[in-house]
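*Asks:* The structure is given below, and queries will be raised subsequently.
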Amino acid sequence: MSSRPELKVDDELGFIKAFKGLPTLEEGTIRLFDRSDYYTAHGENAVFIAKSVYKSTSVPRQLGRNPGLDSVTLSNTVFKSFLRDALFRLGKRIEIWENSGRGNWKLAKQATPGNLQDIEDQLGENIGEQAPIILAVKISAKASEVRQVGVCFADATVRELGISEFSDNELYSNFESLLIQLGVRECIVQADTNNKDVELKKIRSIVDNCGCAITVRSSGDFVDRDVEEDLTRLLKDESAPGRLPQTDLKLAMSSAAALIKYLGLMSQQSNFGQYALYQHDLAQYMKLDAAALRALNLMPGPRDGSKTMSLFGLLNHCKTPMGPRLLAQWLKQPLMSLDAIEKRQRLVEAFVEDTELRQTMQEEHLRSMPDLFRLTKKFQRNKAGLEDVIRAYQAASKLSGFLGTFEGVMDEKYKDHLTAEYITKLEECNNSLGKLQEMVETTIDLDALDAHEYIIKSEFDERLKVIRKKLDRAKGEMEEEHRRVSEDLNQDMEKKLFLENQRVHGWCFRLTRAEAGAIRNKKDYKEITTQKNGVYFTTNNMQDLRREHDQLSENYNRTQSGLASEVVTVAGSYCPVLEKLAGVLAHLDVIISFAHVSAHAPTPYVKPKMHARGTGNTILREARHPCMEMQDDVNFITNDVTLERGSSEFAIITGPNMGGKSTYIRQIGVIALMAQTGCFVPCSEAELCIFDCILARVGASDSQLKGVSTFMSEMLETANILKCATRESLIIIDELGRGTSTYDGFGLAWAIAEHIVKEIGAFALFATHFHELTALADQWPQVANLHVVAHVDGDDRPGGQRQVTLLYKVEPGVCDQSFGIHVAELVRFPEKVVNMAKRKADELEDFEGKHEQGMESIAPADVEKGSELLKEVLVKWKEATEGKDMSTEEQISKMRELVDGNQALLDSPFFKGVLAL
């Protein structure tokens, strides 16, 4: 807590008055105040930050009195960390206010999960693993069942606008798939003016379910009156909008108008002529919904302990900042084209086979590349300086290393593919950037980089030459002072006493911490600060030299500013080439990451054989769950998978809890998705058909805060499956029908399963505890029964002890018993509870299975009369045996004697029914 800055407000009452006069906060917005050296938050925001950042409600202090204003401070480091968490994990909006003088505050910067433009400098390199996609949507839902949806979206890091317009069903399944495909972080929707628009409510519910922040804008923002004129100014080809077929998509154009206005693209002249417009085709990629995303653990969750718990974390061995963003995009956009899948597979195979090529690319080349997309953005927004020019130069100078490494590839089988995808494109970029390298080497003093100085060479200007000479003289005198201090303190200049240009304090000396005692109690040496790497200090002479050097450096920078501005402008003209290079390197990074994971798995992955769309079966040998096998202390049991048309396209899996049913069906979905992204898969052999979507209903998912019960959530997800699934889909259903009564649950499960088999014909995996569902296989030849194997030892009679061993193997056939009570034993339920559970389970099974079947035809009058006769016999038997020392055999013999002697009881239909049980 000591790292929190102290809150200092000169006029507390004045600030409180100004604070209360600010506009009302929108829901989900955090308002922060920039106080130069630190930041503050007040009121409800202060309490929120105290809980989420400092994990304490005692942190806020009060400004003013009675009752005072809750206030917290954040250091610059904590502020940056909070920004990332608030925007990327919590989906909050950020406002940053600055003091404009005389106690007045102005809104200086705003940020939302999809629009980070104002705060990119504060976020630095870490803008998250996914691109900040923002999307605007407009719908047209009239009397007909078909809905029309138009969207426009953008990634502010890359100057592109995407649009799409499509038909949808009443559940807006295609819209949900689009949000998943694009990885949207923020969605702009129209305001529901009367709060009665059912369709807008559905849209907002889907956006919320996909984890996107919702921004509401008035209907007036969605008017496409001026959008073509705006696009004419924004797009690279000014004549494009009038010729593009996309402009006929009226809903999409309305969304484009809202997005352009929200992002303020027309207010920055640097945007003009910089954007590209393209149309996104939903059908180009496999469709995924939010339920499938969660079921397959595609992206990291807030509670994931290790990175390998999600597929993204497992596959992310990217070395560039651009790679993880492209990987996230690929995982949400599995390919539907066989040619495109096989093209990626060949590239992955090249790097799997050539270990040296893969490792050299990762460790020597890709690791050292900056975020070129963000770098070009700085040039485009006129925020770049000489340091950014140097970063572009350093990236360009590394291309020869890439090309030299590719030249070492000897296998002609892969050479052509690598040449087409990488070598040719890298050569083009290298040739184009050659002039940039020449300019930098001619104009910028590269020798000064060692001292973290970014300056123009002095030869370009006589005034610079004069200042340079003075700077060199000052530097020489500092080095002379360094030698003098070294001798005075008897410290080695190369190993213990260093002359450094410290980030905050400028030129000064540093002693290692072990030698820090050398300057203690010596008045000639002034200690500045102590850090992990040592103690910084200075002398009077050094302070004078530092001031002189700083003043000369300032003069140098002021004199060179015109030349520096020209250099930056010229470097900015290479942005298109740098963006192209960024795309090539991101692609290379992800492909090599796939190869790395495939080669380094506990058992190496294999290249799957893919069938053309609409053909083939899915057959996997020794399949594994890629994330599960990486967890500590897990010895994964492999299983075969056979999904064949006509014989096993619908698989019903039964078996005990914790036996591996859920893992089995999920791993098939994960493997199918990996295959369609072009990655190798965790099997010994694999052939797969291409799926148009993966639809999942897995696990209970209460949304009580949103008023959605487990059963309602289950039914909504299942309804989506039945609406969207086609013959080419993969359906994964786990434990359908648990949220209601046994009878209703079974009835629904049977009806849904039969509908999928009979009407849809999709490949499906249906894990269930309803053993009766296995009877579907008797009616439909395409249904196959599977079960997870459990080995039972011991006495299986009621009340007997048995030991169940889960083998995690999936084999053909039906599991005819449940092991729920055994799971209770495994987690150490009290013995009395377990025994009672066994007894009640036996009673219920007896009641439901036998009593109803054997006695349902007996008249109520016969039941009543028979019960009375049986009660009389039991009373007589009790009187004859109670208190007497009789063996069990003698007591049974007495019962038989009483029954045989009572002809009325023997003739009773009720008693005959009891004997039949």
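Chain labels follow the order of the structure tokens: the first chain is A, the next B, and so on; residue numbering restarts at 1 in every chain, and ligands are counted from 1 in their shown order.
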Got a sec: who's within 9 Å of Ala753 (chain A), counting only C-alpha atoms, leaving out chain neighbours fewer than 3 positions off, as an mmCIF file with C-alpha atoms, in the first residue's frame?

*Replies:*
```cif
data_model
loop_
_atom_site.group_PDB
_atom_site.id
_atom_site.type_symbol
_atom_site.label_atom_id
_atom_site.label_comp_id
_atom_site.auth_asym_id
_atom_site.auth_seq_id
_atom_site.Cartn_x
_atom_site.Cartn_y
_atom_site.Cartn_z
ATOM 1 C CA PHE A 650 -25.188 -39.999 -34.124
ATOM 2 C CA LEU A 748 -37.176 -33.719 -24.340
ATOM 3 C CA ALA A 749 -33.887 -35.566 -24.771
ATOM 4 C CA TRP A 750 -35.557 -38.295 -26.834
ATOM 5 C CA ILE A 756 -31.439 -34.482 -35.125
ATOM 6 C CA VAL A 757 -31.267 -38.039 -36.472
ATOM 7 C CA LYS A 758 -34.395 -37.900 -38.599
ATOM 8 C CA PHE A 766 -24.912 -37.027 -27.203
ATOM 9 C CA LEU A 773 -32.167 -43.163 -24.799
ATOM 10 C CA LEU A 776 -32.846 -45.077 -30.408
#
```

*Asks:* Can you tell me which residues surround Leu433 (chain A) at a distance of at most 9 Å, considering only C-alpha atoms, apart from same-chain residues fewer than 2 positions away, and format the answer as a count of residues only?

*Replies:* 14

*Asks:* Just the residues within 8 Å of region 894-898 of chain A, please, counting only C-alpha atoms, with nothing from its chain fewer than 2 positions along; format it as a PyMOL selection string.

*Replies:* chain A and resi 873+876-877+880+890-892+900-902

*Asks:* Enumerate as a count of residues only all residues of region 88-323 of chain A assigned to strand (DSSP E or B) by DSSP on the backbone, naming them with the chain letters and numbers the document uses.

*Replies:* 68

*Asks:* Would you mind listing what lies within 10 Å of Glu500 (chain A) as number ranges by chain, with only C-alpha atoms counted and same-chain residues fewer than 2 positions away left out?

*Replies:* A: 451, 497-498, 502-503, 505-510, 536

*Asks:* Please extract the residues of region 210-414 of chain A with a backbone DSSP assignment of helix (DSSP H, G or I) and present them as a PyMOL selection string.

*Replies:* chain A and resi 219-222+227-234+240-243+245-248+250-263+265-267+269-271+282-284+290-295+307-309+311-315+322-332+338-353+355-368+372-380+386-397+399-407+412-414

*Asks:* Near region 867-872 of chain A, within 8 Å and counting only C-alpha atoms, which residues show up once chain neighbours fewer than 3 positions away are dropped, as a PyMOL selection string?

*Replies:* chain A and resi 863-864+875-876+904-905+910-911

*Asks:* Take the selection from the previous step and output its residues with N, CA and C atoms, as a compact mmCIF listing (two decimals), in the first residue's frame.

*Replies:*
```txt
# COMPACT_ATOMS: atom_id res chain seq x y z
N VAL A 863 -57.12 -53.74 -3.82
CA VAL A 863 -55.90 -53.33 -3.11
C VAL A 863 -56.21 -53.09 -1.63
N GLU A 864 -57.32 -52.38 -1.38
CA GLU A 864 -57.70 -52.08 0.01
C GLU A 864 -58.01 -53.34 0.80
N VAL A 875 -49.96 -59.08 11.86
CA VAL A 875 -50.18 -58.89 13.29
C VAL A 875 -50.09 -60.23 14.02
N LYS A 876 -50.75 -61.29 13.45
CA LYS A 876 -50.69 -62.62 14.06
C LYS A 876 -49.26 -63.14 14.11
N ALA A 904 -58.38 -66.78 1.89
CA ALA A 904 -58.86 -65.49 1.37
C ALA A 904 -57.69 -64.62 0.93
N LEU A 905 -56.60 -64.64 1.71
CA LEU A 905 -55.40 -63.88 1.33
C LEU A 905 -54.78 -64.43 0.06
N PHE A 910 -54.48 -58.52 -4.95
CA PHE A 910 -53.40 -57.67 -4.43
C PHE A 910 -52.23 -58.52 -3.97
N PHE A 911 -52.52 -59.61 -3.21
CA PHE A 911 -51.43 -60.43 -2.68
C PHE A 911 -50.71 -61.17 -3.81
```

*Asks:* Can you list, as a list of chain:residue names, every protein, DNA or RNA residue that comes within 9 Å of Ala518 (chain A) when you count only C-alpha atoms, leaving out same-chain residues fewer than 4 positions away?

*Replies:* A:Leu489, A:Asn490, A:Gln491, A:Leu511, A:Lys522

*Asks:* Filtering to C-alpha atoms, could you give me those residues as a PDB file, in the first residue's frame?

*Replies:*
```
ATOM      1  CA  LEU A 489      36.874   5.663  -4.496  1.00  0.00           C
ATOM      2  CA  ASN A 490      39.230   2.934  -5.674  1.00  0.00           C
ATOM      3  CA  GLN A 491      36.453   1.299  -7.766  1.00  0.00           C
ATOM      4  CA  LEU A 511      27.807   1.896  -7.900  1.00  0.00           C
ATOM      5  CA  LYS A 522      31.549  11.443   2.140  1.00  0.00           C
TER       6      LYS A 522
END
```

*Asks:* Tell me which of A:Tyr285, A:Ala156, A:Gly150, A:Asn174 sits closest to Leu265 (chain A), counting only C-alpha atoms.

*Replies:*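 The closest residue to Leu265 (chain A) is A:Ala156.
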